[in-house]
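J.: To be precise about what I am sending: the file is called run.cif and holds mmCIF, N, CA and C atoms and all ligand atoms.
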```cif
data_data
loop_
_atom_site.label_atom_id
_atom_site.label_comp_id
_atom_site.auth_asym_id
_atom_site.auth_seq_id
_atom_site.Cartn_x
_atom_site.Cartn_y
_atom_site.Cartn_z
N MET A 19 74.85 73.24 78.66
CA MET A 19 75.29 72.84 77.32
C MET A 19 74.52 71.60 76.86
N ASN A 20 74.08 71.60 75.62
CA ASN A 20 73.30 70.46 75.17
C ASN A 20 74.14 69.43 74.40
N HIS A 21 75.47 69.67 74.33
CA HIS A 21 76.31 68.68 73.69
C HIS A 21 77.14 67.95 74.74
N GLU A 22 77.68 66.82 74.34
CA GLU A 22 78.49 66.03 75.28
C GLU A 22 79.79 66.77 75.58
N HIS A 23 80.09 66.91 76.87
CA HIS A 23 81.25 67.69 77.31
C HIS A 23 82.06 66.88 78.30
N LYS A 24 83.38 66.95 78.18
CA LYS A 24 84.24 66.18 79.08
C LYS A 24 85.21 67.14 79.77
N ASP A 25 85.19 67.12 81.10
CA ASP A 25 86.13 67.93 81.87
C ASP A 25 87.56 67.45 81.61
N GLY A 26 88.48 68.40 81.52
CA GLY A 26 89.87 68.04 81.31
C GLY A 26 90.26 67.87 79.86
N CYS A 27 89.28 67.96 78.96
CA CYS A 27 89.56 67.89 77.52
C CYS A 27 89.88 69.30 77.04
N ILE A 28 90.98 69.49 76.32
CA ILE A 28 91.37 70.86 75.92
C ILE A 28 90.35 71.50 74.98
N PHE A 29 89.69 70.70 74.15
CA PHE A 29 88.70 71.27 73.24
C PHE A 29 87.42 71.66 73.99
N CYS A 30 86.98 70.79 74.89
CA CYS A 30 85.79 71.10 75.70
C CYS A 30 86.07 72.31 76.60
N ASP A 31 87.29 72.36 77.17
CA ASP A 31 87.67 73.50 78.01
C ASP A 31 87.66 74.80 77.21
N ALA A 32 88.23 74.76 76.00
CA ALA A 32 88.29 75.95 75.14
C ALA A 32 86.87 76.45 74.84
N LEU A 33 85.96 75.50 74.58
CA LEU A 33 84.57 75.85 74.29
C LEU A 33 83.90 76.61 75.43
N GLY A 34 84.31 76.28 76.66
CA GLY A 34 83.72 76.87 77.85
C GLY A 34 84.30 78.24 78.21
N ARG A 35 85.32 78.68 77.49
CA ARG A 35 85.97 79.97 77.79
C ARG A 35 85.59 81.02 76.76
N ALA A 36 85.82 82.29 77.15
CA ALA A 36 85.60 83.39 76.21
C ALA A 36 86.63 83.31 75.09
N ASP A 37 86.22 83.66 73.87
CA ASP A 37 87.12 83.57 72.73
C ASP A 37 88.18 84.66 72.79
N GLY A 38 89.41 84.29 72.52
CA GLY A 38 90.54 85.21 72.54
C GLY A 38 91.83 84.42 72.43
N VAL A 39 92.96 85.09 72.67
CA VAL A 39 94.25 84.42 72.51
C VAL A 39 94.47 83.32 73.55
N GLU A 40 93.64 83.30 74.61
CA GLU A 40 93.79 82.23 75.61
C GLU A 40 93.19 80.92 75.11
N ASN A 41 91.98 80.99 74.56
CA ASN A 41 91.37 79.71 74.11
C ASN A 41 91.62 79.44 72.62
N LEU A 42 92.04 80.46 71.87
CA LEU A 42 92.44 80.34 70.46
C LEU A 42 91.30 79.95 69.52
N ILE A 43 90.05 80.06 69.97
CA ILE A 43 88.93 79.80 69.06
C ILE A 43 88.73 81.02 68.17
N ALA A 44 88.81 80.82 66.87
CA ALA A 44 88.71 81.93 65.91
C ALA A 44 87.29 82.08 65.37
N TYR A 45 86.53 80.98 65.39
CA TYR A 45 85.18 81.04 64.84
C TYR A 45 84.33 79.93 65.46
N ARG A 46 83.09 80.31 65.83
CA ARG A 46 82.15 79.31 66.33
C ARG A 46 80.99 79.16 65.36
N GLY A 47 80.79 77.95 64.89
CA GLY A 47 79.58 77.64 64.13
C GLY A 47 78.51 77.22 65.10
N LYS A 48 77.46 76.57 64.59
CA LYS A 48 76.38 76.10 65.45
C LYS A 48 76.80 74.82 66.19
N LEU A 49 77.52 73.95 65.49
CA LEU A 49 77.82 72.61 66.02
C LEU A 49 79.30 72.30 66.06
N SER A 50 80.12 73.24 65.58
CA SER A 50 81.56 73.01 65.53
C SER A 50 82.26 74.35 65.50
N PHE A 51 83.59 74.32 65.62
CA PHE A 51 84.33 75.57 65.70
C PHE A 51 85.70 75.45 65.06
N ILE A 52 86.32 76.62 64.79
CA ILE A 52 87.68 76.68 64.24
C ILE A 52 88.60 77.18 65.34
N ILE A 53 89.67 76.46 65.58
CA ILE A 53 90.61 76.82 66.65
C ILE A 53 92.04 76.73 66.10
N LEU A 54 92.91 77.62 66.57
CA LEU A 54 94.32 77.55 66.18
C LEU A 54 95.00 76.42 66.95
N ASN A 55 95.89 75.73 66.28
CA ASN A 55 96.71 74.73 66.97
C ASN A 55 97.79 75.45 67.77
N ARG A 56 97.85 75.16 69.06
CA ARG A 56 98.82 75.83 69.94
C ARG A 56 100.26 75.45 69.59
N TYR A 57 100.43 74.31 68.96
CA TYR A 57 101.77 73.84 68.57
C TYR A 57 101.77 73.59 67.05
N PRO A 58 101.74 74.69 66.28
CA PRO A 58 101.51 74.55 64.83
C PRO A 58 102.66 73.86 64.09
N TYR A 59 102.30 73.02 63.11
CA TYR A 59 103.31 72.44 62.21
C TYR A 59 103.85 73.53 61.30
N THR A 60 102.95 74.40 60.84
CA THR A 60 103.35 75.57 60.07
C THR A 60 102.50 76.73 60.58
N THR A 61 102.91 77.95 60.28
CA THR A 61 102.11 79.11 60.65
C THR A 61 100.74 79.00 60.00
N GLY A 62 99.69 79.24 60.78
CA GLY A 62 98.34 79.18 60.25
C GLY A 62 97.67 77.82 60.41
N HIS A 63 98.33 76.89 61.10
CA HIS A 63 97.77 75.55 61.34
C HIS A 63 96.47 75.67 62.15
N LEU A 64 95.35 75.36 61.51
CA LEU A 64 94.04 75.44 62.15
C LEU A 64 93.48 74.05 62.39
N MET A 65 92.45 73.98 63.23
CA MET A 65 91.71 72.74 63.42
C MET A 65 90.21 73.06 63.42
N VAL A 66 89.43 72.16 62.83
CA VAL A 66 87.98 72.24 62.93
C VAL A 66 87.54 71.14 63.87
N VAL A 67 86.75 71.52 64.88
CA VAL A 67 86.43 70.60 65.97
C VAL A 67 84.92 70.61 66.22
N PRO A 68 84.29 69.43 66.31
CA PRO A 68 82.87 69.41 66.67
C PRO A 68 82.69 69.80 68.14
N ASN A 69 81.57 70.43 68.47
CA ASN A 69 81.29 70.75 69.88
C ASN A 69 81.18 69.47 70.70
N ASP A 70 80.65 68.43 70.08
CA ASP A 70 80.44 67.15 70.77
C ASP A 70 81.75 66.43 71.06
N HIS A 71 81.92 65.99 72.30
CA HIS A 71 83.10 65.22 72.70
C HIS A 71 82.92 63.77 72.26
N LYS A 72 83.35 63.47 71.03
CA LYS A 72 83.23 62.12 70.48
C LYS A 72 84.57 61.73 69.86
N PRO A 73 84.98 60.45 70.01
CA PRO A 73 86.33 60.07 69.58
C PRO A 73 86.53 59.96 68.07
N SER A 74 85.42 59.93 67.32
CA SER A 74 85.59 59.74 65.88
C SER A 74 84.38 60.28 65.14
N MET A 75 84.58 60.64 63.89
CA MET A 75 83.53 61.32 63.13
C MET A 75 82.26 60.49 62.93
N GLU A 76 82.36 59.16 62.96
CA GLU A 76 81.15 58.37 62.71
C GLU A 76 80.16 58.44 63.86
N TYR A 77 80.59 58.97 65.02
CA TYR A 77 79.68 59.12 66.17
C TYR A 77 78.96 60.47 66.15
N LEU A 78 79.34 61.33 65.22
CA LEU A 78 78.69 62.65 65.13
C LEU A 78 77.43 62.53 64.28
N ASP A 79 76.52 63.51 64.43
CA ASP A 79 75.34 63.45 63.56
C ASP A 79 75.67 64.09 62.20
N ASP A 80 74.80 63.83 61.23
CA ASP A 80 75.03 64.30 59.86
C ASP A 80 75.18 65.81 59.78
N GLU A 81 74.35 66.49 60.57
CA GLU A 81 74.38 67.95 60.55
C GLU A 81 75.76 68.47 60.98
N THR A 82 76.33 67.84 62.00
CA THR A 82 77.66 68.24 62.49
C THR A 82 78.72 67.95 61.43
N ARG A 83 78.66 66.76 60.84
CA ARG A 83 79.64 66.42 59.80
C ARG A 83 79.56 67.40 58.64
N THR A 84 78.35 67.79 58.28
CA THR A 84 78.16 68.74 57.19
C THR A 84 78.76 70.10 57.55
N GLU A 85 78.53 70.53 58.79
CA GLU A 85 79.08 71.82 59.19
C GLU A 85 80.61 71.77 59.26
N ILE A 86 81.16 70.65 59.68
CA ILE A 86 82.63 70.52 59.72
C ILE A 86 83.20 70.73 58.31
N MET A 87 82.56 70.13 57.31
CA MET A 87 83.04 70.31 55.93
C MET A 87 82.97 71.78 55.53
N SER A 88 81.92 72.44 55.95
CA SER A 88 81.79 73.84 55.60
C SER A 88 82.82 74.71 56.34
N LEU A 89 83.15 74.35 57.57
CA LEU A 89 84.20 75.11 58.29
C LEU A 89 85.60 74.78 57.77
N LEU A 90 85.80 73.57 57.25
CA LEU A 90 87.08 73.26 56.60
C LEU A 90 87.23 74.16 55.37
N ASN A 91 86.13 74.31 54.64
CA ASN A 91 86.14 75.18 53.46
C ASN A 91 86.43 76.63 53.85
N LEU A 92 85.80 77.09 54.91
CA LEU A 92 86.03 78.45 55.40
C LEU A 92 87.50 78.62 55.84
N SER A 93 88.05 77.59 56.45
CA SER A 93 89.45 77.64 56.89
C SER A 93 90.39 77.80 55.70
N ILE A 94 90.12 77.05 54.64
CA ILE A 94 90.94 77.17 53.43
C ILE A 94 90.86 78.60 52.90
N LYS A 95 89.63 79.14 52.86
CA LYS A 95 89.44 80.49 52.32
C LYS A 95 90.19 81.54 53.15
N VAL A 96 90.10 81.42 54.47
CA VAL A 96 90.74 82.44 55.31
C VAL A 96 92.27 82.31 55.23
N LEU A 97 92.77 81.09 55.17
CA LEU A 97 94.23 80.91 55.08
C LEU A 97 94.75 81.40 53.74
N ARG A 98 93.99 81.19 52.67
CA ARG A 98 94.39 81.72 51.36
C ARG A 98 94.47 83.24 51.41
N ALA A 99 93.47 83.85 52.08
CA ALA A 99 93.40 85.30 52.14
C ALA A 99 94.58 85.88 52.95
N VAL A 100 94.96 85.21 54.02
CA VAL A 100 95.97 85.78 54.92
C VAL A 100 97.39 85.37 54.51
N TYR A 101 97.60 84.10 54.16
CA TYR A 101 98.96 83.59 54.00
C TYR A 101 99.31 83.13 52.59
N ALA A 102 98.33 83.11 51.70
CA ALA A 102 98.57 82.66 50.33
C ALA A 102 99.42 81.39 50.26
N PRO A 103 98.99 80.33 50.95
CA PRO A 103 99.76 79.08 50.86
C PRO A 103 99.66 78.48 49.46
N GLU A 104 100.61 77.63 49.14
CA GLU A 104 100.62 76.99 47.82
C GLU A 104 99.88 75.66 47.85
N GLY A 105 99.60 75.16 49.05
CA GLY A 105 98.89 73.90 49.19
C GLY A 105 98.41 73.71 50.61
N PHE A 106 97.70 72.61 50.85
CA PHE A 106 97.19 72.31 52.19
C PHE A 106 97.29 70.82 52.47
N ASN A 107 97.47 70.47 53.73
CA ASN A 107 97.20 69.11 54.19
C ASN A 107 95.99 69.21 55.10
N ILE A 108 94.99 68.37 54.83
CA ILE A 108 93.79 68.35 55.65
C ILE A 108 93.53 66.91 56.05
N GLY A 109 93.31 66.69 57.36
CA GLY A 109 93.06 65.31 57.76
C GLY A 109 92.73 65.17 59.22
N THR A 110 92.31 63.97 59.57
CA THR A 110 91.99 63.66 60.96
C THR A 110 92.69 62.37 61.36
N ASN A 111 93.26 62.36 62.56
CA ASN A 111 93.90 61.16 63.08
C ASN A 111 92.93 60.50 64.05
N ILE A 112 92.55 59.27 63.79
CA ILE A 112 91.57 58.59 64.63
C ILE A 112 92.27 57.49 65.42
N GLY A 113 92.31 57.68 66.75
CA GLY A 113 92.94 56.70 67.63
C GLY A 113 94.39 57.04 67.93
N ASP A 114 94.85 56.60 69.10
CA ASP A 114 96.23 56.86 69.54
C ASP A 114 97.25 56.33 68.54
N VAL A 115 97.02 55.13 68.03
CA VAL A 115 98.01 54.52 67.14
C VAL A 115 98.16 55.30 65.84
N ALA A 116 97.12 56.08 65.49
CA ALA A 116 97.17 56.88 64.27
C ALA A 116 97.81 58.24 64.52
N GLY A 117 98.22 58.49 65.77
CA GLY A 117 98.91 59.74 66.07
C GLY A 117 98.00 60.85 66.54
N ALA A 118 96.78 60.53 66.94
CA ALA A 118 95.87 61.56 67.45
C ALA A 118 96.41 62.09 68.78
N GLY A 119 96.63 63.39 68.86
CA GLY A 119 97.11 64.00 70.09
C GLY A 119 96.06 63.95 71.18
N ILE A 120 94.82 64.25 70.79
CA ILE A 120 93.68 64.17 71.71
C ILE A 120 92.70 63.19 71.08
N ALA A 121 92.87 61.91 71.42
CA ALA A 121 92.13 60.86 70.72
C ALA A 121 90.66 60.81 71.11
N SER A 122 90.31 61.39 72.26
CA SER A 122 88.93 61.25 72.74
C SER A 122 87.98 62.29 72.13
N HIS A 123 88.53 63.34 71.50
CA HIS A 123 87.67 64.38 70.92
C HIS A 123 88.12 64.62 69.47
N SER A 124 87.28 64.16 68.57
CA SER A 124 87.57 64.23 67.14
C SER A 124 87.95 65.65 66.70
N HIS A 125 88.93 65.77 65.82
CA HIS A 125 89.30 67.08 65.27
C HIS A 125 89.98 66.91 63.91
N PHE A 126 89.87 67.95 63.09
CA PHE A 126 90.39 67.91 61.72
C PHE A 126 91.45 69.00 61.57
N HIS A 127 92.62 68.61 61.09
CA HIS A 127 93.72 69.56 60.91
C HIS A 127 93.67 70.20 59.52
N ILE A 128 93.99 71.49 59.47
CA ILE A 128 94.21 72.18 58.19
C ILE A 128 95.59 72.80 58.30
N VAL A 129 96.54 72.25 57.55
CA VAL A 129 97.92 72.73 57.61
C VAL A 129 98.28 73.37 56.28
N PRO A 130 98.47 74.71 56.28
CA PRO A 130 98.87 75.36 55.03
C PRO A 130 100.33 75.01 54.69
N ARG A 131 100.62 74.87 53.41
CA ARG A 131 101.97 74.47 52.99
C ARG A 131 102.51 75.41 51.92
N TRP A 132 103.80 75.58 51.96
CA TRP A 132 104.51 76.36 50.96
C TRP A 132 105.69 75.52 50.47
N GLY A 133 106.15 75.81 49.27
CA GLY A 133 107.33 75.11 48.78
C GLY A 133 108.48 75.36 49.74
N GLY A 134 108.99 74.30 50.38
CA GLY A 134 110.06 74.45 51.35
C GLY A 134 109.56 74.92 52.70
N ASP A 135 108.27 75.32 52.77
CA ASP A 135 107.67 75.78 54.02
C ASP A 135 108.50 76.85 54.72
N THR A 136 109.07 77.77 53.93
CA THR A 136 109.86 78.83 54.54
C THR A 136 109.20 80.20 54.41
N ASN A 137 108.14 80.28 53.58
CA ASN A 137 107.45 81.57 53.45
C ASN A 137 106.79 81.95 54.76
N PHE A 138 106.77 83.23 55.06
CA PHE A 138 106.13 83.75 56.25
C PHE A 138 106.73 83.20 57.53
N ILE A 139 107.93 82.71 57.42
CA ILE A 139 108.62 82.20 58.60
C ILE A 139 109.96 82.92 58.65
N THR A 140 110.30 83.44 59.81
CA THR A 140 111.60 84.10 59.93
C THR A 140 112.66 83.10 60.36
N THR A 141 113.80 83.19 59.76
CA THR A 141 114.87 82.27 60.12
C THR A 141 116.00 83.06 60.77
N THR A 142 116.61 82.45 61.73
CA THR A 142 117.77 83.08 62.36
C THR A 142 118.95 82.14 62.24
N GLY A 143 120.03 82.67 61.77
CA GLY A 143 121.26 81.88 61.66
C GLY A 143 121.12 80.64 60.79
N ASN A 144 120.16 80.64 59.88
CA ASN A 144 119.92 79.52 58.96
C ASN A 144 119.62 78.20 59.67
N ALA A 145 119.50 78.23 60.97
CA ALA A 145 119.38 76.95 61.69
C ALA A 145 117.96 76.73 62.23
N ARG A 146 117.47 77.72 62.96
CA ARG A 146 116.18 77.53 63.60
C ARG A 146 115.07 78.21 62.81
N VAL A 147 113.97 77.53 62.67
CA VAL A 147 112.82 78.10 61.99
C VAL A 147 111.79 78.50 63.04
N ILE A 148 111.47 79.78 63.06
CA ILE A 148 110.52 80.27 64.07
C ILE A 148 109.24 80.72 63.39
N PRO A 149 108.14 80.03 63.67
CA PRO A 149 106.88 80.46 63.06
C PRO A 149 106.40 81.79 63.63
N GLU A 150 105.46 82.38 62.94
CA GLU A 150 104.87 83.63 63.41
C GLU A 150 104.32 83.44 64.83
N ASP A 151 104.40 84.51 65.61
CA ASP A 151 103.85 84.51 66.96
C ASP A 151 102.36 84.14 66.93
N LEU A 152 101.95 83.25 67.83
CA LEU A 152 100.58 82.72 67.83
C LEU A 152 99.52 83.81 68.02
N ASP A 153 99.80 84.77 68.89
CA ASP A 153 98.86 85.88 69.11
C ASP A 153 98.63 86.66 67.82
N GLN A 154 99.71 86.87 67.09
CA GLN A 154 99.62 87.61 65.83
C GLN A 154 98.81 86.81 64.80
N THR A 155 99.05 85.51 64.73
CA THR A 155 98.29 84.65 63.83
C THR A 155 96.80 84.73 64.18
N TYR A 156 96.51 84.66 65.48
CA TYR A 156 95.12 84.68 65.93
C TYR A 156 94.41 85.96 65.47
N VAL A 157 95.06 87.09 65.68
CA VAL A 157 94.47 88.38 65.30
C VAL A 157 94.26 88.46 63.79
N ARG A 158 95.24 88.02 63.02
CA ARG A 158 95.13 88.08 61.56
C ARG A 158 94.01 87.18 61.04
N ILE A 159 93.91 85.97 61.60
CA ILE A 159 92.87 85.02 61.18
C ILE A 159 91.48 85.57 61.53
N CYS A 160 91.33 86.10 62.74
CA CYS A 160 90.02 86.63 63.15
C CYS A 160 89.59 87.82 62.29
N LYS A 161 90.52 88.71 61.99
CA LYS A 161 90.21 89.86 61.14
C LYS A 161 89.77 89.41 59.75
N ALA A 162 90.52 88.47 59.19
CA ALA A 162 90.21 87.99 57.83
C ALA A 162 88.88 87.25 57.82
N LEU A 163 88.57 86.51 58.89
CA LEU A 163 87.29 85.80 58.98
C LEU A 163 86.13 86.80 59.00
N ALA A 164 86.32 87.90 59.73
CA ALA A 164 85.26 88.92 59.82
C ALA A 164 84.99 89.51 58.43
N ASP A 165 86.02 89.61 57.60
CA ASP A 165 85.84 90.12 56.23
C ASP A 165 85.12 89.11 55.36
N LEU A 166 85.32 87.82 55.63
CA LEU A 166 84.79 86.76 54.77
C LEU A 166 83.33 86.43 55.07
N ILE A 167 82.94 86.60 56.32
CA ILE A 167 81.61 86.13 56.75
C ILE A 167 80.55 87.23 56.59
ZN ZN B 201 86.19 67.22 74.48
#
```
Reformat the file's structure so that it appears as structure tokens.
T.:
Amino acid sequence: MNHEHKDGCIFCDALGRADGVENLIAYRGKLSFIILNRYPYTTGHLMVVPNDHKPSMEYLDDETRTEIMSLLNLSIKVLRAVYAPEGFNIGTNIGDVAGAGIASHSHFHIVPRWGGDTNFITTTGNARVIPEDLDQTYVRICKALADLI
């Protein structure tokens, strides 16, 4: 591998595995990739991650930053096609104090939003909200990406 890689990092580990429901990578660009969040805030919660193991975007090269923007755009397009969200939250948490789950490897969240965030979510007994099964989300996102690209 010609990019910086760190053993024990979930993003670097995912990069080293075959794509599927185990590693949750839905799309690989040249310098970055789209991966499903294993613990989604809402159904369809994606992340765009540079291949390079760097703690913050300013350590990446321009080409990588440019590709990340293009994969964020692709993520919006695929989520619109599959889930028709009414809005999105997109952002990156830099550093532990900012709430970064994996602070050592930069990543950008794309969280689709709906009014009340109840669309495409099944509720049981009005109490618990259960998002769509992750495997099902993965298959739907990959199929829609194949149509878009
Ligand atoms: Zn890493």
J.: Near His127 of chain A, counting all atoms listed in the file, which residues have an atom at most 5 Å away, once you skip same-chain residues fewer than 4 positions from it, shown as a ChimeraX atom specification?
T.: /A:64-65,108-110
J.: Put those residues in a file: N, CA and C atoms, as a PDB file, in the coordinates of the input.
T.:
```pdb
ATOM      1  N   LEU A  64      95.350  75.360  61.510  1.00  0.00           N
ATOM      2  CA  LEU A  64      94.040  75.440  62.150  1.00  0.00           C
ATOM      3  C   LEU A  64      93.480  74.050  62.390  1.00  0.00           C
ATOM      4  N   MET A  65      92.450  73.980  63.230  1.00  0.00           N
ATOM      5  CA  MET A  65      91.710  72.740  63.420  1.00  0.00           C
ATOM      6  C   MET A  65      90.210  73.060  63.420  1.00  0.00           C
ATOM      7  N   ILE A 108      94.990  68.370  54.830  1.00  0.00           N
ATOM      8  CA  ILE A 108      93.790  68.350  55.650  1.00  0.00           C
ATOM      9  C   ILE A 108      93.530  66.910  56.050  1.00  0.00           C
ATOM     10  N   GLY A 109      93.310  66.690  57.360  1.00  0.00           N
ATOM     11  CA  GLY A 109      93.060  65.310  57.760  1.00  0.00           C
ATOM     12  C   GLY A 109      92.730  65.170  59.220  1.00  0.00           C
ATOM     13  N   THR A 110      92.310  63.970  59.570  1.00  0.00           N
ATOM     14  CA  THR A 110      91.990  63.660  60.960  1.00  0.00           C
ATOM     15  C   THR A 110      92.690  62.370  61.360  1.00  0.00           C
TER      16      THR A 110
END
```
J.: Can you work out which one of A:Val100, A:Val129, A:Ala118, A:Cys30 has the shortest atom-to-atom distance to ligand ZN 201 (chain B), counting only N, CA and C atoms and all ligand atoms?
T.: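 The answer is A:Cys30, which sits nearest to ligand ZN 201 (chain B).
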J.: Could you list, as a list in words, all residues that come within 8 Å of ligand ZN 201 (chain B)? Count all atoms listed in the file.
T.: Glu22, His23, Lys24, Asp25, Gly26, Cys27, Ile28, Phe29, Cys30, Asp31, Ala32, Pro68, Asn69, Asp70, His71, Lys72, Ser122, His123 and Ser124 of chain A
J.: Find, counting all atoms listed in the file, the residue in A:Gln154, A:Ala121, A:Leu163, A:Val39 that gets nearest to Leu92 of chain A.
T.: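 Ranking A:Gln154, A:Ala121, A:Leu163, A:Val39 by distance to Leu92 of chain A, first place goes to A:Leu163.
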J.: Atom N of Asn107 of chain A and atom CA of Tyr57 of chain A are how many Å apart?
T.: 15.8 Å
J.: One decimal, in Å: what's the spacing between atom C of Ile52 of chain A and atom C of Pro73 of chain A?
T.: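 Atom-to-atom, atom C of Ile52 of chain A to atom C of Pro73 of chain A, that is 17.6 Å.
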J.: Just the number, please: distance in Å from atom CA of Leu49 of chain A to atom CA of Arg158 of chain A, one decimal.
T.: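 Distance reported for this atom pair: 23.6 Å.
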J.: Would you please extract all strand (DSSP E or B) residues from segment 23-124 of chain A, as assigned by DSSP on the backbone, and give them as a list in words?
T.: Ile43, Ala44, Tyr45, Arg46, Ser50, Phe51, Ile52, Ile53, Leu54, Leu64, Met65, Val66, Val67, Pro68, Gly105, Phe106, Asn107, Ile108 and Gly109 of chain A
J.: When you look at Tyr156 of chain A with a cut-off of 7 Å (counting all atoms listed in the file), what residues show up, excluding the ones that are within fewer than 3 positions of it in the same chain? I need them as a list in words.
T.: Val39, Leu42, Ala44, Asp151, Leu152, Asp153, Ile159, Cys160 and Lys161 of chain A
J.: So which one's closest to Leu166 of chain A, A:Tyr45, A:Asp80, A:Thr61, A:Ile53? Using only C-alpha atoms, please.
T.: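 Once distances to Leu166 of chain A are computed over only C-alpha atoms, the minimum belongs to A:Tyr45.
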